[in-house]
Amino acid sequence: MSVEIFALTLLFSLPLGLLVSFGRMSRIKPVRYLVNFYISIMRGTPLMLQLIVVYFAPYYVFGKTINGFRFPAVIIAFSINYAAYFAEIYRGGIESMPKGQYEAAEVLGFNRFQTFFKIIFPQVIKRILPAVTNETITLVKDTSLAFVLAEVEMFTMAKQIAAKDASIMPLMVAGLFYYVFNALVAMVMDRFEKKLSYYR
Amino acid sequence: MGNDVLLEIKNMKKSFNDLEVLKDISLTVRRGEVISVIGPSGSGKSTLLRCATLLEKMDEGSLKYLDSYAADMVDGRIKYAPKSELKKIRNYFGLVFQNFNLFPHYSVLRNITEAPIHTEHIPERIAVAKARELLKDLGLSDKENAYPFELSGGQQQRVSIARALAKSPEVLFFDEPTSALDPELTGEVLRVIRKLASQKMTMIIVTHEMQFAREVSDRIIFMENGVIEVEGTPDELFNSQHGRLNEFLGRLKE
Ligand SMILES: Nc1ncnc2c1ncn2[C@@H]1O[C@H](COP(=O)(O)OP(=O)(O)OP(=O)(O)O)[C@@H](O)[C@H]1O
Ligand SMILES: [Mg+2]
């Protein structure tokens with residue numbers, strides 16, 4: 001089960017992350033803002049909370065739980081969470097590529113698609129590999145978390161919610177706390193990054 | 001060869017924000033000509049090349065390769081040709097960068113063949129044969145399987161020249177092709193450019209190598225503050241009485 005979560009999450013989140021990173025760097029402002037918001041939620045709130053929200057999403061949308069949704073819920077939550085992290089890694093790699101590579105490709109007549117997939121992306125992979133490895137190791141550890149959560153807590157939580165229609169308000173408040181705290185951390189790191197960007 | 005003029009730039013203007021970098025540049029390049037562009041740092045030499053090679057969009061003026069306008073003034077505003085036309089025009093020129101910009105993840109051979117195969121759809125067999133011929137010409141036959149990081153700067157620059165030549169451009173631009181090289185490596189690159197000149201390759205070379213410019217050029221252009229200040233044969237330029245040109249040449253000698 002853990003292995004499946006691990007494999008499927010990687011399978012979905014790695015390509016999805018690339019797509020998200022494109023959105024993050026999009027020239028269209030609303031797209032950029034929306035994707036930014038998505039990433040900040042994914043990074044700013046605990047994965048466990050995201051698991052719960054995804055798991056209970058059908059309950060809140062359709063008013064009932066779906067049988068056998070637990071495993072897909074775990075995969076969805078993990079994939080969209082990890083996609084956000086991978087997106088930031090891709091972005092870092094893509095933005096670190098020297099302008100000259102794009103220009104050489106452009107003068108040689110490669111179109112934008114060819115330039116990205118033939119010239120830029122293979123080099124980006126090499127650059128981001130250490131960061132991706134880090135994230136993958138974290139994923140291994142996180143899957144065990146999902147396992148425990150899925151088996152025990154979700155079950156009891158489901159019973160509670162079904163029983164007295166308890167609100168998930170406290171969870172949301174907790175989530176908000178994490179989000180604000182992480183937003184602060186992100187802000188400080190952003191300042192730091194800008195300070196370090198005086199050279200290339 | 002009906003049309004003798006390969007490149008025609010008229011009244012090219014380019015600003016970065018408030019900084020006027022090119023202030024009305026006009027230049028006509030004929031087949032087989034070798035033109036050197038000299039001038040102090042910041043005078044706009046690179047910007048001129050970048051506008052001519054479509055890496056930068058100019059604000060005003062016209063740019064024509066053979067019979068094709070890449071950009072022209074329409075009702076007082078600049079209008080660039082459609083994408084498909086620009087794609088065709090890109091095949092007319094090549095650009096050699098100061099810092100090579102080879103693709104580090106490709107072998108030497110693939111650096112050279114990738115564009116012909118994938119942008120001009122030349123059969124791989126033919127592209128490879130042509131690349132090998134170029135490598136032989138440039139004295140790099142034994143390096144086709146090497147990766148750029150395994151080569152010296154001079155060798156890398158020669159590969160990048162081969163890469164530009166592989167598309168059989170009508171005109172080749174160089175932006176300070178030897179400036180990133182150790183002095184002992186500039187010779188091998190300059191030799192290659194001289195050889196191309198003797199083969200009547202049309203070239204526009206931004207350089208600080210005055211002796212080289214003098215030998216190889218049919219015409220030299222002295223740029224300053226975004227304008228072509230002096231233009232003429234090497235003899236005319238090096239014997240010119242133009243004050244700031246002499247000052248510039250004098251500074252280089254020191
Ligand atoms: N992308 C850019 N954005 C803003 N300013 C630029 C940009 N590119 C060039 N400039 C400015 O335009 C001016 C001309 O630059 P350019 O690189 O064309 O000079 P150059 O003659 O090639 O100088 P050098 O001999 O140092 O290479 C400089 O003042 C430079 O700072
Ligand atoms: Mg320059």
# chains A, B, ... in the order shown; residues from 1 in each chain; ligands from 1
call {"tool": "interface_residues", "arguments": {"of": "chain A", "to": "chain B", "cutoff": "8 Å", "atoms": "only C-alpha atoms", "output": "list in words"}}
result
Gly100, Gln101, Glu103, Ala104, Glu106, Val107, Leu108, Gly109, Phe110, Ile119, Pro122 and Gln123 of chain A
call {"tool": "residues_near_ligand", "arguments": {"ligand": "ligand 1", "cutoff": "12 Å", "atoms": "only C-alpha atoms and all ligand atoms", "output": "ChimeraX atom specification"}}
result
/A:99 /B:13-23,37-52,55-58,97-99,174-177,179-180,205-209,221-228
call {"tool": "closest_residue", "arguments": {"among": "A:Phe78, A:Phe117, A:Phe181, A:Tyr59", "to": "A:Val140", "atoms": "only C-alpha atoms"}}
result
A:Phe78
call {"tool": "closest_residue", "arguments": {"among": "A:Arg70, A:Arg24, A:Arg91, A:Arg112", "to": "A:Ala131", "atoms": "only C-alpha atoms"}}
result
A:Arg91
call {"tool": "select_by_dssp", "arguments": {"residues": "stretch 17-109 of chain B", "states": "helix (DSSP H, G or I)", "output": "PyMOL selection string"}}
result
chain B and resi 45-52+83-90+108-109
call {"tool": "write_last_selection", "arguments": {"atoms": "all heavy atoms", "output": "compact mmCIF listing (two decimals), in the first residue's frame"}}
result
# COMPACT_ATOMS: atom_id res chain seq x y z
N LYS B 45 27.12 47.91 -29.98
CA LYS B 45 27.53 46.91 -30.97
C LYS B 45 26.75 45.61 -30.83
O LYS B 45 26.20 45.09 -31.80
CB LYS B 45 29.05 46.62 -30.83
CG LYS B 45 29.93 47.86 -30.88
CD LYS B 45 31.39 47.53 -30.73
CE LYS B 45 31.78 46.92 -29.40
NZ LYS B 45 31.63 47.84 -28.24
N SER B 46 26.69 45.12 -29.60
CA SER B 46 25.95 43.87 -29.38
C SER B 46 24.47 44.06 -29.67
O SER B 46 23.83 43.17 -30.24
CB SER B 46 26.12 43.38 -27.94
OG SER B 46 27.45 43.04 -27.69
N THR B 47 23.94 45.19 -29.26
CA THR B 47 22.52 45.45 -29.50
C THR B 47 22.22 45.46 -30.99
O THR B 47 21.19 44.92 -31.42
CB THR B 47 22.11 46.78 -28.84
OG1 THR B 47 22.50 46.75 -27.47
CG2 THR B 47 20.61 46.99 -28.93
N LEU B 48 23.12 46.02 -31.78
CA LEU B 48 22.95 46.01 -33.23
C LEU B 48 22.87 44.58 -33.75
O LEU B 48 21.97 44.22 -34.52
CB LEU B 48 24.12 46.77 -33.89
CG LEU B 48 24.23 46.67 -35.41
CD1 LEU B 48 23.01 47.24 -36.10
CD2 LEU B 48 25.50 47.38 -35.89
N LEU B 49 23.80 43.74 -33.29
CA LEU B 49 23.79 42.34 -33.72
C LEU B 49 22.53 41.62 -33.24
O LEU B 49 21.95 40.80 -33.96
CB LEU B 49 25.03 41.62 -33.16
CG LEU B 49 26.10 41.26 -34.19
CD1 LEU B 49 26.52 42.48 -34.95
CD2 LEU B 49 27.28 40.58 -33.55
N ARG B 50 22.14 41.92 -32.02
CA ARG B 50 20.97 41.23 -31.45
C ARG B 50 19.68 41.64 -32.17
O ARG B 50 18.79 40.83 -32.34
CB ARG B 50 20.87 41.50 -29.95
CG ARG B 50 22.01 40.83 -29.16
CD ARG B 50 22.00 41.27 -27.72
NE ARG B 50 20.75 40.94 -27.07
CZ ARG B 50 20.44 39.75 -26.60
NH1 ARG B 50 21.33 38.76 -26.70
NH2 ARG B 50 19.28 39.52 -26.04
N CYS B 51 19.61 42.90 -32.59
CA CYS B 51 18.44 43.32 -33.37
C CYS B 51 18.47 42.68 -34.75
O CYS B 51 17.44 42.24 -35.26
CB CYS B 51 18.39 44.84 -33.49
SG CYS B 51 17.89 45.66 -31.96
N ALA B 52 19.65 42.62 -35.34
CA ALA B 52 19.77 42.04 -36.69
C ALA B 52 19.47 40.55 -36.68
O ALA B 52 19.02 40.00 -37.69
CB ALA B 52 21.16 42.31 -37.25
N LYS B 83 5.35 34.98 -38.08
CA LYS B 83 6.25 33.95 -37.56
C LYS B 83 6.89 33.08 -38.63
O LYS B 83 8.09 32.83 -38.62
CB LYS B 83 5.48 33.04 -36.59
CG LYS B 83 5.85 33.23 -35.13
CD LYS B 83 5.19 32.15 -34.31
CE LYS B 83 5.64 32.26 -32.86
NZ LYS B 83 4.87 31.38 -31.98
N SER B 84 6.06 32.63 -39.58
CA SER B 84 6.56 31.70 -40.59
C SER B 84 7.65 32.37 -41.43
O SER B 84 8.64 31.75 -41.81
CB SER B 84 5.41 31.23 -41.47
OG SER B 84 4.77 32.35 -42.05
N GLU B 85 7.43 33.65 -41.71
CA GLU B 85 8.40 34.41 -42.48
C GLU B 85 9.70 34.57 -41.68
O GLU B 85 10.81 34.41 -42.21
CB GLU B 85 7.81 35.78 -42.83
CG GLU B 85 8.71 36.68 -43.65
CD GLU B 85 8.74 36.31 -45.13
OE1 GLU B 85 8.07 35.33 -45.52
OE2 GLU B 85 9.46 37.00 -45.88
N LEU B 86 9.56 34.88 -40.40
CA LEU B 86 10.75 35.05 -39.56
C LEU B 86 11.53 33.74 -39.45
O LEU B 86 12.76 33.74 -39.42
CB LEU B 86 10.35 35.54 -38.16
CG LEU B 86 9.76 36.95 -38.10
CD1 LEU B 86 9.40 37.32 -36.66
CD2 LEU B 86 10.72 37.98 -38.68
N LYS B 87 10.80 32.64 -39.42
CA LYS B 87 11.45 31.33 -39.36
C LYS B 87 12.33 31.12 -40.59
O LYS B 87 13.46 30.67 -40.50
CB LYS B 87 10.37 30.24 -39.27
CG LYS B 87 10.90 28.83 -39.07
CD LYS B 87 9.73 27.87 -38.86
CE LYS B 87 10.06 26.45 -39.23
NZ LYS B 87 11.12 25.84 -38.44
N LYS B 88 11.78 31.50 -41.73
CA LYS B 88 12.54 31.39 -42.97
C LYS B 88 13.77 32.31 -42.91
O LYS B 88 14.87 31.92 -43.29
CB LYS B 88 11.63 31.78 -44.15
CG LYS B 88 12.27 31.57 -45.51
CD LYS B 88 11.41 32.13 -46.63
CE LYS B 88 11.74 33.60 -46.89
NZ LYS B 88 10.85 34.25 -47.85
N ILE B 89 13.54 33.53 -42.43
CA ILE B 89 14.63 34.51 -42.38
C ILE B 89 15.75 34.05 -41.45
O ILE B 89 16.93 34.29 -41.70
CB ILE B 89 14.07 35.89 -41.98
CG1 ILE B 89 13.23 36.44 -43.14
CG2 ILE B 89 15.18 36.85 -41.60
CD1 ILE B 89 12.49 37.72 -42.81
N ARG B 90 15.38 33.35 -40.37
CA ARG B 90 16.41 32.87 -39.44
C ARG B 90 17.40 31.93 -40.12
O ARG B 90 18.52 31.75 -39.65
CB ARG B 90 15.77 32.16 -38.24
CG ARG B 90 15.23 33.14 -37.22
CD ARG B 90 15.07 32.52 -35.85
NE ARG B 90 14.55 33.53 -34.95
CZ ARG B 90 13.25 33.78 -34.80
NH1 ARG B 90 12.36 33.06 -35.46
NH2 ARG B 90 12.85 34.75 -34.00
N VAL B 108 29.60 17.03 -29.40
CA VAL B 108 29.98 18.01 -30.42
C VAL B 108 29.18 17.79 -31.69
O VAL B 108 28.59 18.71 -32.26
CB VAL B 108 31.50 17.91 -30.70
CG1 VAL B 108 31.86 18.59 -32.00
CG2 VAL B 108 32.28 18.52 -29.54
N LEU B 109 29.12 16.53 -32.12
CA LEU B 109 28.42 16.24 -33.38
C LEU B 109 26.95 16.64 -33.28
O LEU B 109 26.40 17.26 -34.19
CB LEU B 109 28.55 14.74 -33.69
CG LEU B 109 28.07 14.34 -35.08
CD1 LEU B 109 28.99 14.90 -36.15
CD2 LEU B 109 27.97 12.83 -35.22
call {"tool": "atom_distance", "arguments": {"atom1": "atom CA of B:Glu8", "atom2": "atom CA of B:Phe212"}}
result
24.8 Å
call {"tool": "residues_around", "arguments": {"residues": "stretch 49-53 of chain A", "least_positions_apart": "2", "cutoff": "7 Å", "atoms": "only C-alpha atoms", "output": "ChimeraX atom specification"}}
result
/A:46-47,55-57,73-74,77
call {"tool": "residues_around", "arguments": {"residues": "A:Ala84", "least_positions_apart": "3", "cutoff": "6 Å", "atoms": "only C-alpha atoms", "output": "MDAnalysis selection string"}}
result
chainID A and resid 17 39 81 87
call {"tool": "write_last_selection", "arguments": {"atoms": "N, CA and C atoms", "output": "mmCIF file, in the first residue's frame"}}
result
data_model
loop_
_atom_site.group_PDB
_atom_site.id
_atom_site.type_symbol
_atom_site.label_atom_id
_atom_site.label_comp_id
_atom_site.auth_asym_id
_atom_site.auth_seq_id
_atom_site.Cartn_x
_atom_site.Cartn_y
_atom_site.Cartn_z
ATOM 1 N N GLY A 17 3.498 18.581 -11.695
ATOM 2 C CA GLY A 17 4.329 19.660 -11.158
ATOM 3 C C GLY A 17 4.895 20.530 -12.268
ATOM 4 N N ILE A 39 -0.305 26.829 -4.846
ATOM 5 C CA ILE A 39 0.967 26.361 -4.293
ATOM 6 C C ILE A 39 1.091 26.760 -2.823
ATOM 7 N N ASN A 81 -0.426 17.714 -3.647
ATOM 8 C CA ASN A 81 0.513 18.306 -2.697
ATOM 9 C C ASN A 81 1.936 18.266 -3.250
ATOM 10 N N ALA A 87 6.654 21.641 -8.535
ATOM 11 C CA ALA A 87 6.529 22.818 -9.400
ATOM 12 C C ALA A 87 7.565 23.870 -9.028
#
call {"tool": "residues_around", "arguments": {"residues": "B:Leu185", "least_positions_apart": "5", "cutoff": "12 Å", "atoms": "only C-alpha atoms", "output": "ChimeraX atom specification"}}
result
/B:151-158,177-180,190-192
call {"tool": "write_last_selection", "arguments": {"atoms": "N, CA, C and O atoms", "output": "PDB file, in the first residue's frame"}}
result
ATOM      1  N   LEU B 151      36.332  20.271 -23.875  1.00  0.00           N
ATOM      2  CA  LEU B 151      37.097  21.027 -24.864  1.00  0.00           C
ATOM      3  C   LEU B 151      37.654  22.314 -24.275  1.00  0.00           C
ATOM      4  O   LEU B 151      37.093  22.879 -23.335  1.00  0.00           O
ATOM      5  N   SER B 152      38.717  22.796 -24.877  1.00  0.00           N
ATOM      6  CA  SER B 152      39.238  24.106 -24.502  1.00  0.00           C
ATOM      7  C   SER B 152      38.293  25.178 -25.046  1.00  0.00           C
ATOM      8  O   SER B 152      37.454  24.900 -25.909  1.00  0.00           O
ATOM      9  N   GLY B 153      38.444  26.394 -24.536  1.00  0.00           N
ATOM     10  CA  GLY B 153      37.594  27.488 -25.009  1.00  0.00           C
ATOM     11  C   GLY B 153      37.698  27.689 -26.517  1.00  0.00           C
ATOM     12  O   GLY B 153      36.693  27.887 -27.198  1.00  0.00           O
ATOM     13  N   GLY B 154      38.904  27.604 -27.026  1.00  0.00           N
ATOM     14  CA  GLY B 154      39.105  27.795 -28.460  1.00  0.00           C
ATOM     15  C   GLY B 154      38.405  26.716 -29.271  1.00  0.00           C
ATOM     16  O   GLY B 154      37.792  26.997 -30.307  1.00  0.00           O
ATOM     17  N   GLN B 155      38.496  25.486 -28.759  1.00  0.00           N
ATOM     18  CA  GLN B 155      37.804  24.392 -29.452  1.00  0.00           C
ATOM     19  C   GLN B 155      36.296  24.569 -29.371  1.00  0.00           C
ATOM     20  O   GLN B 155      35.578  24.361 -30.351  1.00  0.00           O
ATOM     21  N   GLN B 156      35.827  24.992 -28.201  1.00  0.00           N
ATOM     22  CA  GLN B 156      34.379  25.208 -28.057  1.00  0.00           C
ATOM     23  C   GLN B 156      33.900  26.269 -29.037  1.00  0.00           C
ATOM     24  O   GLN B 156      32.849  26.138 -29.657  1.00  0.00           O
ATOM     25  N   GLN B 157      34.677  27.332 -29.167  1.00  0.00           N
ATOM     26  CA  GLN B 157      34.245  28.388 -30.075  1.00  0.00           C
ATOM     27  C   GLN B 157      34.262  27.894 -31.518  1.00  0.00           C
ATOM     28  O   GLN B 157      33.390  28.254 -32.306  1.00  0.00           O
ATOM     29  N   ARG B 158      35.216  27.049 -31.845  1.00  0.00           N
ATOM     30  CA  ARG B 158      35.239  26.515 -33.216  1.00  0.00           C
ATOM     31  C   ARG B 158      34.042  25.603 -33.457  1.00  0.00           C
ATOM     32  O   ARG B 158      33.450  25.612 -34.539  1.00  0.00           O
ATOM     33  N   PRO B 177      34.041  37.123 -30.739  1.00  0.00           N
ATOM     34  CA  PRO B 177      34.228  35.666 -30.667  1.00  0.00           C
ATOM     35  C   PRO B 177      35.444  35.232 -29.867  1.00  0.00           C
ATOM     36  O   PRO B 177      35.520  34.064 -29.478  1.00  0.00           O
ATOM     37  N   THR B 178      36.366  36.137 -29.624  1.00  0.00           N
ATOM     38  CA  THR B 178      37.569  35.706 -28.888  1.00  0.00           C
ATOM     39  C   THR B 178      37.690  36.340 -27.511  1.00  0.00           C
ATOM     40  O   THR B 178      38.651  36.087 -26.786  1.00  0.00           O
ATOM     41  N   SER B 179      36.695  37.140 -27.130  1.00  0.00           N
ATOM     42  CA  SER B 179      36.837  37.882 -25.867  1.00  0.00           C
ATOM     43  C   SER B 179      36.810  37.004 -24.627  1.00  0.00           C
ATOM     44  O   SER B 179      37.316  37.379 -23.587  1.00  0.00           O
ATOM     45  N   ALA B 180      36.180  35.825 -24.741  1.00  0.00           N
ATOM     46  CA  ALA B 180      36.106  34.954 -23.566  1.00  0.00           C
ATOM     47  C   ALA B 180      37.283  33.980 -23.520  1.00  0.00           C
ATOM     48  O   ALA B 180      37.351  33.125 -22.650  1.00  0.00           O
ATOM     49  N   LEU B 190      40.630  33.005 -34.660  1.00  0.00           N
ATOM     50  CA  LEU B 190      40.813  34.024 -35.697  1.00  0.00           C
ATOM     51  C   LEU B 190      41.229  33.384 -37.017  1.00  0.00           C
ATOM     52  O   LEU B 190      40.809  33.807 -38.093  1.00  0.00           O
ATOM     53  N   ARG B 191      42.035  32.334 -36.924  1.00  0.00           N
ATOM     54  CA  ARG B 191      42.458  31.629 -38.141  1.00  0.00           C
ATOM     55  C   ARG B 191      41.258  31.073 -38.889  1.00  0.00           C
ATOM     56  O   ARG B 191      41.158  31.170 -40.109  1.00  0.00           O
ATOM     57  N   VAL B 192      40.333  30.507 -38.113  1.00  0.00           N
ATOM     58  CA  VAL B 192      39.123  29.948 -38.728  1.00  0.00           C
ATOM     59  C   VAL B 192      38.324  31.046 -39.437  1.00  0.00           C
ATOM     60  O   VAL B 192      37.845  30.868 -40.555  1.00  0.00           O
TER      61      VAL B 192
END
call {"tool": "select_by_dssp", "arguments": {"residues": "stretch 8-202 of chain B", "states": "strand (DSSP E)", "output": "NGL selection string"}}
result
:B and (8-16 or 19-30 or 34-38 or 60-65 or 68-74 or 77-80 or 93-96 or 171-175 or 202)
call {"tool": "residues_around", "arguments": {"residues": "A:Ile125", "least_positions_apart": "2", "cutoff": "12 Å", "atoms": "only C-alpha atoms", "output": "list in words"}}
result
Leu14, Leu18, Phe86, Ile89, Tyr90, Arg91, Gly92, Gly93, Ile94, Ser96, Met97, Phe116, Phe117, Lys118, Ile119, Ile120, Phe121, Pro122, Gln123, Arg127, Ile128, Leu129, Pro130, Ala131, Val132 and Thr133 of chain A; His105 of chain B
call {"tool": "write_last_selection", "arguments": {"atoms": "N, CA, C and O atoms", "output": "tab-separated table (two decimals), in the first residue's frame"}}
result
chain	number	residue	atom	x	y	z
A	14	LEU	N	4.97	14.29	-10.69
A	14	LEU	CA	6.11	14.82	-11.45
A	14	LEU	C	5.67	15.55	-12.72
A	14	LEU	O	6.06	16.70	-12.93
A	18	LEU	N	5.29	19.88	-13.38
A	18	LEU	CA	5.84	20.65	-14.51
A	18	LEU	C	4.77	21.58	-15.06
A	18	LEU	O	5.02	22.77	-15.32
A	86	PHE	N	7.07	20.02	-6.34
A	86	PHE	CA	7.87	19.78	-7.55
A	86	PHE	C	7.82	20.98	-8.48
A	86	PHE	O	8.82	21.32	-9.11
A	89	ILE	N	10.35	23.35	-7.53
A	89	ILE	CA	11.69	22.84	-7.88
A	89	ILE	C	11.96	23.03	-9.37
A	89	ILE	O	13.01	23.51	-9.78
A	90	TYR	N	10.96	22.66	-10.18
A	90	TYR	CA	11.10	22.87	-11.63
A	90	TYR	C	11.37	24.33	-11.93
A	90	TYR	O	12.24	24.68	-12.72
A	91	ARG	N	10.57	25.19	-11.30
A	91	ARG	CA	10.70	26.62	-11.58
A	91	ARG	C	12.13	27.10	-11.26
A	91	ARG	O	12.75	27.79	-12.04
A	92	GLY	N	12.60	26.69	-10.10
A	92	GLY	CA	13.96	27.08	-9.71
A	92	GLY	C	14.96	26.64	-10.77
A	92	GLY	O	15.83	27.40	-11.18
A	93	GLY	N	14.80	25.39	-11.23
A	93	GLY	CA	15.72	24.86	-12.24
A	93	GLY	C	15.61	25.61	-13.55
A	93	GLY	O	16.62	25.98	-14.17
A	94	ILE	N	14.39	25.86	-13.97
A	94	ILE	CA	14.18	26.53	-15.26
A	94	ILE	C	14.72	27.95	-15.21
A	94	ILE	O	15.39	28.41	-16.14
A	96	SER	N	17.05	29.02	-13.43
A	96	SER	CA	18.50	29.08	-13.26
A	96	SER	C	19.23	28.87	-14.59
A	96	SER	O	20.44	29.01	-14.66
A	97	MET	N	18.49	28.52	-15.64
A	97	MET	CA	19.16	28.28	-16.92
A	97	MET	C	19.64	29.59	-17.52
A	97	MET	O	18.91	30.57	-17.56
A	116	PHE	N	12.39	24.12	-25.35
A	116	PHE	CA	12.19	23.66	-23.98
A	116	PHE	C	12.55	22.19	-23.81
A	116	PHE	O	13.33	21.82	-22.93
A	117	PHE	N	11.99	21.34	-24.68
A	117	PHE	CA	12.15	19.92	-24.44
A	117	PHE	C	13.49	19.35	-24.90
A	117	PHE	O	13.94	18.34	-24.37
A	118	LYS	N	14.13	19.98	-25.89
A	118	LYS	CA	15.42	19.48	-26.35
A	118	LYS	C	16.59	20.12	-25.60
A	118	LYS	O	17.58	19.46	-25.30
A	119	ILE	N	16.47	21.40	-25.36
A	119	ILE	CA	17.64	22.13	-24.84
A	119	ILE	C	17.53	22.40	-23.35
A	119	ILE	O	18.44	22.11	-22.58
A	120	ILE	N	16.42	22.96	-22.94
A	120	ILE	CA	16.30	23.43	-21.56
A	120	ILE	C	16.02	22.29	-20.58
A	120	ILE	O	16.77	22.09	-19.61
A	121	PHE	N	14.97	21.55	-20.83
A	121	PHE	CA	14.50	20.58	-19.84
A	121	PHE	C	15.55	19.51	-19.45
A	121	PHE	O	15.71	19.23	-18.27
A	122	PRO	N	16.25	18.94	-20.44
A	122	PRO	CA	17.26	17.94	-20.05
A	122	PRO	C	18.31	18.52	-19.09
A	122	PRO	O	18.77	17.82	-18.18
A	123	GLN	N	18.65	19.77	-19.27
A	123	GLN	CA	19.62	20.38	-18.37
A	123	GLN	C	19.00	20.71	-17.02
A	123	GLN	O	19.66	20.64	-15.99
A	127	ARG	N	20.02	19.68	-13.04
A	127	ARG	CA	20.17	20.67	-11.98
A	127	ARG	C	19.29	20.39	-10.77
A	127	ARG	O	19.66	20.69	-9.64
A	128	ILE	N	18.08	19.89	-11.03
A	128	ILE	CA	17.13	19.78	-9.92
A	128	ILE	C	17.16	18.41	-9.25
A	128	ILE	O	16.47	18.19	-8.26
A	129	LEU	N	17.97	17.51	-9.80
A	129	LEU	CA	17.96	16.15	-9.27
A	129	LEU	C	18.16	16.07	-7.75
A	129	LEU	O	17.41	15.37	-7.07
A	130	PRO	N	19.10	16.79	-7.20
A	130	PRO	CA	19.28	16.71	-5.73
A	130	PRO	C	18.02	17.13	-4.98
A	130	PRO	O	17.63	16.48	-4.01
A	131	ALA	N	17.37	18.18	-5.44
A	131	ALA	CA	16.17	18.66	-4.77
A	131	ALA	C	15.03	17.66	-4.92
A	131	ALA	O	14.26	17.43	-3.98
A	132	VAL	N	14.94	17.05	-6.11
A	132	VAL	CA	13.89	16.05	-6.32
A	132	VAL	C	14.14	14.84	-5.42
A	132	VAL	O	13.20	14.27	-4.85
A	133	THR	N	15.39	14.46	-5.30
A	133	THR	CA	15.74	13.35	-4.41
A	133	THR	C	15.28	13.64	-2.99
A	133	THR	O	14.66	12.81	-2.33
B	105	HIS	N	24.70	19.34	-22.90
B	105	HIS	CA	24.25	17.95	-22.76
B	105	HIS	C	24.32	17.20	-24.08
B	105	HIS	O	23.94	16.03	-24.14
